[in-house]
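Student: I am sharing coords33.txt, which consists of compact mmCIF, C-alpha atoms:
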```
# COMPACT_ATOMS: atom_id res chain seq x y z
CA MET O 1 177.00 77.07 177.50
CA ARG O 2 175.74 76.78 173.95
CA TYR O 3 178.75 74.67 173.09
CA VAL O 4 178.16 72.43 176.06
CA MET O 5 174.61 71.88 174.86
CA PHE O 6 175.83 71.25 171.32
CA ALA O 7 178.40 68.77 172.52
CA CYS O 8 175.79 67.09 174.64
CA SER O 9 173.26 66.90 171.84
CA ALA O 10 175.92 65.48 169.56
CA VAL O 11 176.89 62.79 171.96
CA ALA O 12 173.41 62.27 173.31
CA VAL O 13 172.19 61.07 169.96
CA LEU O 14 175.07 58.64 169.90
CA SER O 15 174.54 57.35 173.39
CA ALA O 16 172.88 54.10 174.22
CA MET O 17 169.19 54.59 175.03
CA PRO O 18 167.12 52.47 177.34
CA ALA O 19 165.61 49.33 175.89
CA THR O 20 162.13 50.68 176.66
CA ALA O 21 162.65 53.32 173.97
CA ALA O 22 162.55 50.69 171.22
CA TYR O 23 160.11 51.22 168.35
CA HIS O 24 157.17 49.00 167.45
CA LEU O 25 155.44 48.56 164.11
CA MET O 26 151.96 50.04 163.73
CA THR O 27 150.53 48.24 160.71
CA SER O 28 148.48 49.92 158.02
CA GLY O 29 144.77 49.17 158.29
CA THR O 30 144.89 47.86 161.86
CA PRO O 31 142.91 49.93 164.42
CA GLU O 32 144.96 50.83 167.50
CA TYR O 33 144.02 52.29 170.87
CA VAL O 34 146.57 54.99 171.67
CA ALA O 35 147.91 56.88 174.68
CA LYS O 36 146.45 54.44 177.21
CA SER O 37 142.97 55.76 176.50
CA GLY O 38 139.78 55.25 174.56
CA LEU O 39 141.24 57.21 171.63
CA SER O 40 141.69 54.92 168.64
CA VAL O 41 143.10 55.44 165.15
CA THR O 42 143.62 53.37 162.03
CA PRO O 43 146.84 54.13 160.13
CA SER O 44 146.73 54.32 156.35
CA GLN O 45 150.42 53.40 156.13
CA ASP O 46 152.89 51.67 158.46
CA TRP O 47 154.20 53.83 161.31
CA ASN O 48 156.71 53.28 164.14
CA ARG O 49 155.56 53.73 167.74
CA LEU O 50 158.09 54.89 170.31
CA GLY O 51 158.17 52.50 173.27
CA SER O 52 158.59 55.21 175.89
CA ARG O 53 155.88 57.81 176.48
CA PRO O 54 156.31 61.59 176.45
CA GLY O 55 153.64 61.73 179.17
CA ARG O 56 151.50 59.38 181.21
CA ASN O 57 148.63 59.67 178.72
CA ALA O 58 150.60 60.31 175.56
CA GLU O 59 152.44 58.35 172.90
CA SER O 60 154.39 59.20 169.77
CA TRP O 61 154.61 57.66 166.32
CA THR O 62 157.06 58.47 163.53
CA LEU O 63 157.97 57.54 159.96
CA ASP O 64 161.64 58.55 159.73
CA GLY O 65 162.51 59.62 163.28
CA LEU O 66 160.76 61.97 165.68
CA ALA O 67 162.84 64.96 164.57
CA LEU O 68 161.51 64.50 161.03
CA ASN O 69 157.90 63.50 161.56
CA ASP O 70 156.26 63.33 164.96
CA MET O 71 152.66 62.21 165.45
CA THR O 72 151.75 62.43 169.13
CA PHE O 73 148.49 61.41 170.75
CA TYR O 74 147.28 62.79 174.07
CA GLY O 75 144.54 60.55 175.41
CA GLY O 76 142.27 61.88 178.11
CA ILE O 77 144.30 64.57 179.82
CA GLY O 78 142.38 65.26 183.02
CA ASN O 79 141.69 68.44 184.92
CA ASP O 80 144.87 70.01 186.39
CA GLU O 81 147.13 67.63 184.46
CA THR O 82 149.97 68.59 182.10
CA LEU O 83 150.21 67.50 178.47
CA PHE O 84 153.52 65.78 179.02
CA ARG O 85 155.93 64.93 181.79
CA ASP O 86 156.72 67.99 183.91
CA ALA O 87 160.47 67.37 183.83
CA GLN O 88 161.49 70.78 185.18
CA LYS O 89 158.61 71.22 187.59
CA LYS O 90 160.59 73.34 190.03
CA ASP O 91 162.30 75.79 187.66
CA MET O 92 160.05 75.80 184.58
CA PRO O 93 156.65 74.24 185.38
CA LEU O 94 154.33 73.28 182.53
CA PRO O 95 150.86 74.83 182.33
CA HIS O 96 147.97 72.63 183.44
CA PHE O 97 144.83 71.66 181.55
CA SER O 98 141.46 72.70 182.94
CA SER O 99 138.20 70.92 182.09
CA THR O 100 136.54 74.32 181.57
CA MET O 101 138.91 75.33 178.77
CA LEU O 102 137.62 76.29 175.32
CA ALA O 103 139.43 75.64 172.06
CA PRO O 104 141.52 78.87 172.15
CA ASP O 105 142.53 78.05 175.73
CA VAL O 106 143.73 74.61 174.68
CA ALA O 107 145.77 76.15 171.85
CA GLN O 108 147.26 78.54 174.39
CA LEU O 109 147.98 75.64 176.76
CA PHE O 110 149.73 73.81 173.93
CA GLU O 111 151.76 76.87 172.95
CA GLY O 112 152.79 77.49 176.56
CA SER O 113 153.74 73.85 177.06
CA TYR O 114 155.93 73.86 173.94
CA ARG O 115 157.62 77.10 174.93
CA VAL O 116 158.61 75.54 178.24
CA ALA O 117 159.46 72.04 177.03
CA ASN O 118 161.52 73.26 174.06
CA ASN O 119 162.93 76.25 175.94
CA THR O 120 162.03 78.53 173.06
CA THR O 121 160.19 81.75 172.39
CA LEU O 122 159.88 80.82 168.71
CA MET O 123 156.51 79.11 169.00
CA SER O 124 153.17 80.36 167.73
CA VAL O 125 149.67 79.08 167.05
CA ASP O 126 148.89 80.30 163.56
CA SER O 127 145.22 79.41 163.03
CA ILE O 128 142.32 77.77 164.81
CA GLU O 129 138.95 76.50 163.58
CA PRO O 130 136.11 74.13 164.55
CA ALA O 131 136.51 70.47 163.53
CA GLN O 132 135.23 66.97 164.26
CA VAL O 133 137.06 64.20 166.09
CA GLY O 134 135.07 61.15 165.10
CA ASP O 135 131.52 62.03 166.15
CA GLN O 136 132.67 64.59 168.71
CA LYS O 137 132.75 68.34 168.17
CA GLY O 138 136.26 69.64 168.47
CA PHE O 139 138.80 72.00 166.98
CA ARG O 140 141.83 72.10 164.73
CA PHE O 141 144.79 74.46 165.01
CA THR O 142 148.08 74.93 163.19
CA TYR O 143 151.34 75.99 164.75
CA SER O 144 155.00 76.60 163.99
CA PHE O 145 158.09 76.57 166.16
CA THR O 146 161.87 76.31 166.31
CA LYS O 147 163.57 74.52 169.18
CA GLN O 148 166.31 76.17 171.19
CA ASP O 149 169.77 75.57 169.66
CA GLU O 150 168.39 73.62 166.72
CA GLU O 151 167.42 76.09 163.95
CA VAL O 152 165.09 73.66 162.16
CA LYS O 153 161.81 75.45 161.43
CA ARG O 154 158.89 73.12 162.03
CA LYS O 155 155.20 73.29 161.17
CA GLY O 156 152.45 71.46 163.00
CA GLU O 157 148.76 70.68 162.94
CA ALA O 158 146.59 69.55 165.83
CA LEU O 159 143.10 68.08 166.13
CA GLY O 160 141.42 67.90 169.49
CA ALA O 161 138.24 67.64 171.52
CA ILE O 162 137.24 67.83 175.16
CA VAL O 163 135.02 64.88 176.04
CA GLY O 164 133.77 64.20 179.55
CA GLY O 165 136.05 66.93 180.86
CA LYS O 166 139.14 65.30 179.40
CA LEU O 167 141.31 66.52 176.56
CA TYR O 168 141.99 64.31 173.55
CA LEU O 169 144.56 65.77 171.17
CA LEU O 170 146.36 64.50 168.07
CA THR O 171 149.32 66.53 166.85
CA PHE O 172 151.58 66.20 163.84
CA GLU O 173 154.75 68.21 163.29
CA ALA O 174 157.67 68.07 160.88
CA PRO O 175 160.37 70.31 159.40
CA ALA O 176 158.83 73.00 157.20
CA ILE O 177 161.24 72.02 154.43
CA PHE O 178 159.83 69.01 152.58
CA TYR O 179 158.78 66.75 155.46
CA PHE O 180 155.61 68.56 156.60
CA ASP O 181 154.16 68.80 153.11
CA ARG O 182 155.09 65.21 152.25
CA ASP O 183 153.62 63.64 155.40
CA ILE O 184 150.66 65.81 156.35
CA ALA O 185 148.26 63.70 154.24
CA SER O 186 149.20 60.55 156.16
CA ALA O 187 148.87 62.43 159.45
CA ARG O 188 145.45 63.80 158.46
CA ALA O 189 144.34 60.29 157.52
CA LEU O 190 145.18 59.21 161.08
CA MET O 191 143.30 62.21 162.47
CA THR O 192 140.28 61.51 160.29
CA SER O 193 140.20 57.91 161.51
CA ALA O 194 140.22 58.97 165.19
CA LYS O 195 137.42 57.80 167.45
CA ILE O 196 136.91 58.57 171.12
CA GLY O 197 135.22 55.92 173.23
CA PRO O 198 135.62 54.02 176.46
CA ALA O 199 139.19 52.89 177.18
CA PRO O 200 139.75 49.18 176.59
CA LYS O 201 140.25 47.13 179.77
CA SER O 202 143.83 46.21 178.80
CA ASN O 203 144.80 49.89 179.18
CA MET C 1 174.49 74.28 187.20
CA LYS C 2 172.68 70.98 187.43
CA SER C 3 172.28 70.86 183.68
CA VAL C 4 175.97 71.59 183.15
CA LEU C 5 176.90 68.72 185.41
CA LEU C 6 174.42 66.45 183.66
CA CYS C 7 175.85 67.47 180.31
CA ALA C 8 179.37 66.87 181.54
CA ALA C 9 178.39 63.46 182.78
CA ALA C 10 176.71 62.73 179.46
CA VAL C 11 179.79 63.75 177.52
CA VAL C 12 181.97 61.43 179.56
CA ALA C 13 179.50 58.59 179.56
CA CYS C 14 178.78 58.86 175.88
CA ALA C 15 182.41 59.00 174.91
CA LEU C 16 182.68 55.59 176.44
CA SER C 17 179.54 54.19 174.87
CA VAL C 18 179.51 55.55 171.30
CA PRO C 19 179.02 52.56 169.04
CA SER C 20 181.29 52.18 166.08
CA ILE C 21 180.09 52.04 162.50
CA ALA C 22 181.59 49.13 160.61
CA LYS C 23 181.08 50.53 157.13
CA PRO C 24 179.58 53.65 155.63
CA LEU C 25 175.83 53.51 155.05
CA ALA C 26 174.50 53.97 151.56
CA ALA C 27 171.30 53.83 149.56
CA PRO C 28 170.78 50.28 148.26
CA GLY C 29 171.95 49.88 144.70
CA TYR C 30 173.00 53.48 144.34
CA ASP C 31 176.05 54.34 142.27
CA VAL C 32 177.30 57.45 140.58
CA PRO C 33 177.28 57.55 136.77
CA ALA C 34 180.35 55.60 135.61
CA GLY C 35 183.21 57.53 134.06
CA LYS C 36 181.72 60.91 134.83
CA PRO C 37 183.52 63.14 137.35
CA MET C 38 181.29 64.35 140.14
CA ARG C 39 180.79 68.04 140.71
CA ILE C 40 180.29 68.35 144.45
CA VAL C 41 179.33 71.44 146.39
CA VAL C 42 180.69 71.41 149.92
CA LEU C 43 178.65 73.28 152.47
CA ARG C 44 180.59 75.19 155.08
CA PRO C 45 181.73 72.43 157.48
CA ASP C 46 179.68 72.58 160.67
CA VAL C 47 182.62 72.49 163.06
CA GLU C 48 183.10 73.31 166.71
CA VAL C 49 186.38 72.64 168.47
CA GLY C 50 187.18 73.26 172.10
CA SER C 51 188.65 71.85 175.25
CA LEU C 52 187.24 69.40 177.75
CA THR C 53 187.90 70.32 181.36
CA ALA C 54 188.65 67.93 184.20
CA GLY C 55 184.99 68.28 185.21
CA GLY C 56 183.88 67.19 181.73
CA VAL C 57 182.66 70.61 180.56
CA ALA C 58 183.34 71.38 176.89
CA GLU C 59 184.58 74.94 176.35
CA PRO C 60 184.63 76.36 172.81
CA ASN C 61 187.75 77.76 171.23
CA ALA C 62 187.05 80.14 168.34
CA ASP C 63 190.64 80.04 167.01
CA TRP C 64 190.76 76.24 166.96
CA THR C 65 187.33 76.14 165.31
CA ALA C 66 188.34 78.58 162.57
CA THR C 67 191.62 76.74 161.95
CA ALA C 68 189.93 73.35 161.82
CA ARG C 69 187.17 74.58 159.51
CA GLY C 70 189.71 76.00 157.07
CA LEU C 71 191.88 72.88 157.13
CA LEU C 72 188.89 70.57 156.68
CA GLY C 73 187.85 72.57 153.61
CA THR C 74 191.33 72.28 152.14
CA SER C 75 191.51 68.56 152.93
CA LEU C 76 188.11 67.93 151.33
CA ASP C 77 189.23 69.74 148.21
CA SER C 78 192.47 67.74 148.00
CA GLU C 79 190.71 64.43 148.63
CA ALA C 80 188.10 65.08 145.94
CA LYS C 81 190.65 66.20 143.37
CA ALA C 82 192.70 63.08 144.03
CA HIS C 83 189.72 61.09 142.76
CA GLY C 84 189.14 63.25 139.72
CA ASN C 85 186.09 65.01 141.12
CA THR C 86 185.46 68.73 141.25
CA ILE C 87 184.81 70.44 144.53
CA VAL C 88 182.95 73.73 144.74
CA MET C 89 182.88 75.43 148.12
CA MET C 90 179.49 77.02 148.85
CA PRO C 91 180.10 80.77 148.90
CA ASP C 92 179.10 82.81 151.94
CA LEU C 93 175.69 84.08 150.85
CA GLN C 94 173.54 86.81 152.34
CA GLY C 95 169.80 87.45 152.46
CA ASP C 96 167.31 84.82 151.27
CA ASP C 97 170.01 82.71 149.64
CA GLY C 98 172.03 82.61 152.84
CA GLN C 99 168.90 81.64 154.77
CA THR C 100 168.17 78.82 152.31
CA VAL C 101 171.64 77.36 152.85
CA ALA C 102 171.31 77.73 156.64
CA ASP C 103 167.89 76.04 156.57
CA TYR C 104 169.25 73.06 154.65
CA GLN C 105 172.23 72.76 156.97
CA ALA C 106 169.85 72.64 159.93
CA LEU C 107 167.73 69.99 158.18
CA PHE C 108 170.91 68.06 157.37
CA ARG C 109 171.73 67.89 161.09
CA ALA C 110 168.22 66.65 161.91
CA VAL C 111 168.38 64.01 159.15
CA SER C 112 171.89 62.95 160.17
CA ASP C 113 170.86 62.61 163.81
CA ALA C 114 167.97 60.40 162.68
CA ILE C 115 170.33 58.24 160.62
CA VAL C 116 172.71 57.85 163.57
CA GLN C 117 169.89 57.13 166.00
CA HIS C 118 168.05 54.64 163.84
CA LYS C 119 170.82 53.00 161.83
CA VAL C 120 173.82 53.10 164.18
CA LEU C 121 172.50 52.87 167.73
CA PRO C 122 171.45 49.45 168.96
CA GLY C 123 167.81 49.06 170.01
CA GLN C 124 166.63 52.13 168.10
CA ARG C 125 165.87 50.64 164.69
CA LEU C 126 162.63 51.69 163.03
CA PRO C 127 160.61 48.60 162.03
CA THR C 128 159.52 50.29 158.78
CA LYS C 129 163.14 50.93 157.79
CA LYS C 130 164.80 47.63 158.64
CA GLU C 131 166.14 47.16 155.13
CA ALA C 132 165.81 50.70 153.84
CA PHE C 133 168.17 53.62 153.73
CA ASP C 134 165.90 56.29 152.31
CA TRP C 135 166.48 59.49 154.22
CA THR C 136 166.21 62.68 152.21
CA LEU C 137 166.38 66.46 152.28
CA GLY C 138 163.70 66.57 149.58
CA PRO C 139 163.97 67.64 145.94
CA GLY C 140 164.18 71.31 146.95
CA ALA C 141 167.81 70.61 147.88
CA SER C 142 168.60 71.14 144.20
CA LYS C 143 168.62 74.85 145.10
CA LEU C 144 171.96 74.24 146.79
CA GLY C 145 173.48 73.23 143.47
CA ASP C 146 172.02 76.31 141.78
CA LEU C 147 173.37 78.61 144.49
CA ALA C 148 176.82 77.07 144.05
CA GLY C 149 176.79 77.69 140.30
CA GLY C 150 175.93 74.13 139.40
CA ALA C 151 176.61 70.85 141.21
CA ASP C 152 175.38 67.26 141.07
CA TYR C 153 175.98 66.44 144.71
CA ALA C 154 176.30 68.18 148.05
CA LEU C 155 178.75 67.04 150.69
CA MET C 156 177.90 68.02 154.22
CA LEU C 157 180.26 67.59 157.13
CA TYR C 158 179.68 67.87 160.88
CA ASP C 159 182.45 67.74 163.46
CA ARG C 160 182.56 68.23 167.21
CA ASP C 161 186.01 67.89 168.79
CA SER C 162 186.97 68.61 172.36
CA PHE C 163 190.49 68.06 173.56
CA GLY C 164 191.34 67.30 177.18
CA THR C 165 192.96 70.09 179.18
CA ALA C 166 196.12 69.45 181.23
CA GLY C 167 193.87 69.07 184.27
CA ARG C 168 191.78 66.46 182.52
CA LYS C 169 194.84 64.51 181.43
CA ALA C 170 196.12 64.56 185.01
CA LEU C 171 192.72 63.31 186.21
CA GLN C 172 192.84 60.62 183.52
CA ILE C 173 196.19 59.31 184.76
CA PHE C 174 195.28 59.64 188.43
CA THR C 175 191.97 57.80 187.96
CA LEU C 176 193.57 55.01 185.98
CA LEU C 177 196.32 54.53 188.57
CA ALA C 178 193.97 54.78 191.54
CA THR C 179 191.39 52.39 190.14
CA SER C 180 194.02 49.98 188.82
CA ALA C 181 195.32 49.66 192.36
CA ILE C 182 191.97 48.20 193.41
CA GLY C 183 191.65 46.15 190.24
CA ALA C 184 188.97 48.26 188.56
CA GLY C 185 190.98 50.11 185.87
CA VAL C 186 188.48 52.92 185.16
CA PHE C 187 189.32 54.91 182.02
CA ILE C 188 188.28 58.53 181.61
CA PRO C 189 188.33 59.65 177.97
CA GLY C 190 190.72 62.49 177.18
CA GLY C 191 188.28 64.15 174.81
CA VAL C 192 185.20 63.76 172.64
CA HIS C 193 185.55 63.44 168.88
CA ILE C 194 182.56 62.94 166.60
CA CYS C 195 182.56 63.51 162.89
CA TYR C 196 180.13 62.56 160.16
CA ALA C 197 179.57 63.31 156.50
CA SER C 198 176.70 62.88 154.07
CA LEU C 199 176.61 62.87 150.30
CA VAL C 200 173.32 64.17 148.90
CA ASP C 201 172.20 63.64 145.31
CA LEU C 202 170.93 67.09 144.38
CA ARG C 203 168.61 65.78 141.67
CA THR C 204 166.47 64.09 144.33
CA GLY C 205 167.73 65.44 147.66
CA ASN C 206 168.29 61.85 148.79
CA VAL C 207 171.12 61.03 151.17
CA VAL C 208 172.98 58.44 149.11
CA TRP C 209 175.92 57.90 151.44
CA PHE C 210 176.69 58.54 155.10
CA ASN C 211 179.72 57.89 157.27
CA LEU C 212 180.42 58.45 160.93
CA LEU C 213 183.72 58.54 162.82
CA PRO C 214 182.95 58.15 166.50
CA SER C 215 186.58 58.64 167.50
CA SER C 216 189.48 60.78 166.45
CA ALA C 217 191.46 59.87 163.34
CA GLY C 218 193.74 62.85 163.84
CA ASP C 219 194.05 66.30 165.34
CA ILE C 220 191.90 68.43 163.05
CA ARG C 221 193.74 71.55 164.20
CA THR C 222 196.70 70.44 162.08
CA ALA C 223 196.92 69.93 158.32
CA GLU C 224 198.12 66.35 158.78
CA GLY C 225 195.37 65.44 161.25
CA SER C 226 192.69 67.11 159.20
CA GLY C 227 193.85 65.22 156.12
CA ALA C 228 193.72 61.93 158.04
CA VAL C 229 190.18 62.64 159.30
CA VAL C 230 188.89 63.50 155.82
CA ASN C 231 190.65 60.54 154.23
CA LYS C 232 189.14 58.12 156.73
CA LEU C 233 185.74 59.80 156.68
CA LEU C 234 185.38 59.71 152.88
CA THR C 235 186.62 56.16 152.46
CA GLY C 236 183.98 54.30 150.49
CA MET C 237 182.16 57.40 149.27
CA PRO C 238 180.66 56.78 145.81
CA GLY C 239 182.99 58.11 143.17
CA THR C 240 186.08 57.73 145.35
CA THR C 241 186.38 53.94 145.65
CA ALA C 242 184.23 50.92 145.02
CA VAL C 243 180.74 51.37 146.47
CA PRO C 244 180.55 49.55 149.82
CA ALA C 245 178.26 46.67 150.58
CA LEU C 246 175.47 49.17 150.95
CA VAL C 247 172.53 48.14 153.05
CA ALA C 248 174.39 45.27 154.65
CA ALA C 249 176.18 47.89 156.69
CA ALA C 250 172.93 48.97 158.22
CA LYS C 251 172.02 45.54 159.55
```
Would you mind writing the file out in structure tokens?
Tutor:
Amino acid sequence: MRYVMFACSAVAVLSAMPATAAYHLMTSGTPEYVAKSGLSVTPSQDWNRLGSRPGRNAESWTLDGLALNDMTFYGGIGNDETLFRDAQKKDMPLPHFSSTMLAPDVAQLFEGSYRVANNTTLMSVDSIEPAQVGDQKGFRFTYSFTKQDEEVKRKGEALGAIVGGKLYLLTFEAPAIFYFDRDIASARALMTSAKIGPAPKSN
Amino acid sequence: MKSVLLCAAAVVACALSVPSIAKPLAAPGYDVPAGKPMRIVVLRPDVEVGSLTAGGVAEPNADWTATARGLLGTSLDSEAKAHGNTIVMMPDLQGDDGQTVADYQALFRAVSDAIVQHKVLPGQRLPTKKEAFDWTLGPGASKLGDLAGGADYALMLYDRDSFGTAGRKALQIFTLLATSAIGAGVFIPGGVHICYASLVDLRTGNVVWFNLLPSSAGDIRTAEGSGAVVNKLLTGMPGTTAVPALVAAAK
């Protein structure tokens, strides 16, 4: 089975992907509303935005490819919603967000979601502390994980807040070797620039 | 079961849709120091060889894998020596050193997948890297040279080969005949063969050259086939022939 998955991953990366998965330039210094929500950020360097969304209210940016640096925004996850698409709803359902959650609960939700989505037990939240998201009180947590059948150890950092009963979360993750340390400053700059407000009408 | 079938379908579909790479990819303007032989450490080739059933399921074969890995190592050594370079095979290390090598091999796969996805596949280009070829393992990759007793470059090789079983070959012929009769001419691939190699400058950790073979150049279970694969794969590698037209290949 492992070989089948290996073969599939090898060929999957070589297979043609849908045109909707194309990447778009996010220009340095230009404010952007993200994740179809009122969450906005201003990048301090150019990023690439993936055309397809990991969830209805989520979007991902990268510098070198999502496996090497992945900045994902979750914009206004509502009560009883999942962080990302519940692709294996029947066999391995994702945990759901609740508006009454506190910061540790959100970290637990995130950890549980990653364990399911990446089919791994090698996922842990390593620290959690209070933080600001724009002018909103929120939280920051760090995490580490290794995906099933991949062996790359990754580190991550998340900044989030619950506003009006909805979860706004910005996460950055990258391989622990080199990439995380190189790119975390750029990711933190995005997080520091985050503002939560009303969603623009075009969303 | 569903996932196995999906994987099988993906294997078949992808074998038909793997884009070809016209030339190796390389860092713009990069060249090895002239007149100086390269000392290259070769990491244990990441190889898995097996059979592909009529249903499209890849089944591993440990004997084929071991044979192919050994032959690829020998072929790499011969190819490098033919160009006046020195090959050092990374020894099997234990403990922290072994973990370091394993961690870099895993990162190599992630970086290589990114290169294939964003430089080879159509419609997946990163706008910030239109002209650039600047993927890296980071300067910490110099540890690989230290662990090998000194090396300027690391050569990393990944290969997945699955050969069609008798049942699959029969299905191949039957499908071709049956669909030809109605004018469709559907071809089912006999196997899946993917091989790529990267050359990493250990002073910087930068990937300075990358090549992908999306189809078989030979049966890597034989000395002759393995030699053909390595010869084709390393064509254009800095230090072996003239440096290719670099970034033009990525456009």
Student: Check the smallest atom-to-atom distance from each of O:Glu59, O:Glu157, O:Glu81, O:Asp149 to chain C using only C-alpha atoms, then report the winner.
Tutor: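 Closest residue, counting only C-alpha atoms: O:Asp149.
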Student: Hey, which bits of stretch 30-140 of chain O sit within 10 Å of stretch 158-173 of chain O, and for each residue what's the closest pair of atoms and how far apart in Å (one decimal), counting only C-alpha atoms, rows by chain and increasing number, as a Markdown table?
Tutor:
```
| residue | atom | partner | partner_atom | distance |
| --- | --- | --- | --- | --- |
| O:Ala35 | CA | O:Tyr168 | CA | 9.6 |
| O:Ser37 | CA | O:Tyr168 | CA | 9.1 |
| O:Gly38 | CA | O:Tyr168 | CA | 9.4 |
| O:Leu39 | CA | O:Tyr168 | CA | 7.4 |
| O:Asn57 | CA | O:Tyr168 | CA | 9.6 |
| O:Ala58 | CA | O:Leu169 | CA | 9.3 |
| O:Glu59 | CA | O:Leu170 | CA | 9.9 |
| O:Ser60 | CA | O:Thr171 | CA | 9.4 |
| O:Trp61 | CA | O:Phe172 | CA | 9.4 |
| O:Thr62 | CA | O:Phe172 | CA | 9.5 |
| O:Leu66 | CA | O:Glu173 | CA | 9.0 |
| O:Ala67 | CA | O:Glu173 | CA | 8.8 |
| O:Leu68 | CA | O:Glu173 | CA | 8.0 |
| O:Asn69 | CA | O:Glu173 | CA | 5.9 |
| O:Asp70 | CA | O:Glu173 | CA | 5.4 |
| O:Met71 | CA | O:Phe172 | CA | 4.4 |
| O:Thr72 | CA | O:Thr171 | CA | 5.3 |
| O:Phe73 | CA | O:Leu170 | CA | 4.6 |
| O:Tyr74 | CA | O:Leu169 | CA | 5.0 |
| O:Gly75 | CA | O:Tyr168 | CA | 4.9 |
| O:Gly76 | CA | O:Lys166 | CA | 4.8 |
| O:Ile77 | CA | O:Leu167 | CA | 4.8 |
| O:Gly78 | CA | O:Lys166 | CA | 4.9 |
| O:Asn79 | CA | O:Lys166 | CA | 6.8 |
| O:Glu81 | CA | O:Lys166 | CA | 9.7 |
| O:Leu83 | CA | O:Leu167 | CA | 9.2 |
| O:Phe97 | CA | O:Leu167 | CA | 8.0 |
| O:Ser98 | CA | O:Gly165 | CA | 8.2 |
| O:Ser99 | CA | O:Gly165 | CA | 4.7 |
| O:Thr100 | CA | O:Gly165 | CA | 7.4 |
| O:Met101 | CA | O:Ile162 | CA | 8.5 |
| O:Leu102 | CA | O:Ile162 | CA | 8.5 |
| O:Ala103 | CA | O:Ala161 | CA | 8.1 |
| O:Val106 | CA | O:Leu167 | CA | 8.7 |
| O:Ala107 | CA | O:Ala158 | CA | 9.0 |
| O:Phe110 | CA | O:Ala158 | CA | 9.7 |
| O:Ile128 | CA | O:Ala158 | CA | 9.3 |
| O:Glu129 | CA | O:Leu159 | CA | 9.7 |
| O:Pro130 | CA | O:Leu159 | CA | 9.4 |
| O:Ala131 | CA | O:Leu159 | CA | 7.5 |
| O:Gln132 | CA | O:Ala161 | CA | 7.9 |
| O:Val133 | CA | O:Ala161 | CA | 6.5 |
| O:Gly134 | CA | O:Ala161 | CA | 9.7 |
| O:Gln136 | CA | O:Ala161 | CA | 6.9 |
| O:Lys137 | CA | O:Ala161 | CA | 6.5 |
| O:Gly138 | CA | O:Ala161 | CA | 4.2 |
| O:Phe139 | CA | O:Gly160 | CA | 5.5 |
| O:Arg140 | CA | O:Leu159 | CA | 4.4 |
```
Student: Do you know which residues are at most 9 Å from O:Ser144 counting all atoms listed in the file, after dropping those on the same chain fewer than 6 positions away, and could you put them as a PyMOL selection string?
Tutor: chain O and resi 122-126+153-157+173+176
Student: Between C:Ala148, C:Leu43, C:Ala110, C:Met38, single out the one closest to chain O, counting all atoms listed in the file.
Tutor: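 Comparing C:Ala148, C:Leu43, C:Ala110, C:Met38 against chain O, the winner is C:Ala110.
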Student: Under the rule that only C-alpha atoms are counted, which of O:Met191, O:Ala174, O:Ala199, O:Val41 is the nearest residue to chain C?
Tutor: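 Of O:Met191, O:Ala174, O:Ala199, O:Val41, the one nearest chain C is O:Ala174, counting only C-alpha atoms.
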Student: Please, which residues are within 9 Å of (188.3, 61.5, 148.9) by the file's coordinates, counting all atoms listed in the file, and could they come as a count of residues only?
Tutor: 21
Student: Atom CA of O:Trp47 to atom CA of C:Thr128: how many Å, to one decimal?
Tutor: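 Computing it gives 6.9 Å between the two atoms.
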Student: State, in Å with one decimal place, the distance from atom CA of C:Lys130 to atom CA of C:Val208.
Tutor: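 Taking atom CA of C:Lys130 as the start and atom CA of C:Val208 as the end point, the length is 16.6 Å.
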Student: Which distance in Å separates atom CA of O:Asp135 and atom CA of O:Thr42, to one decimal?
Tutor: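 It comes out at 15.4 Å.
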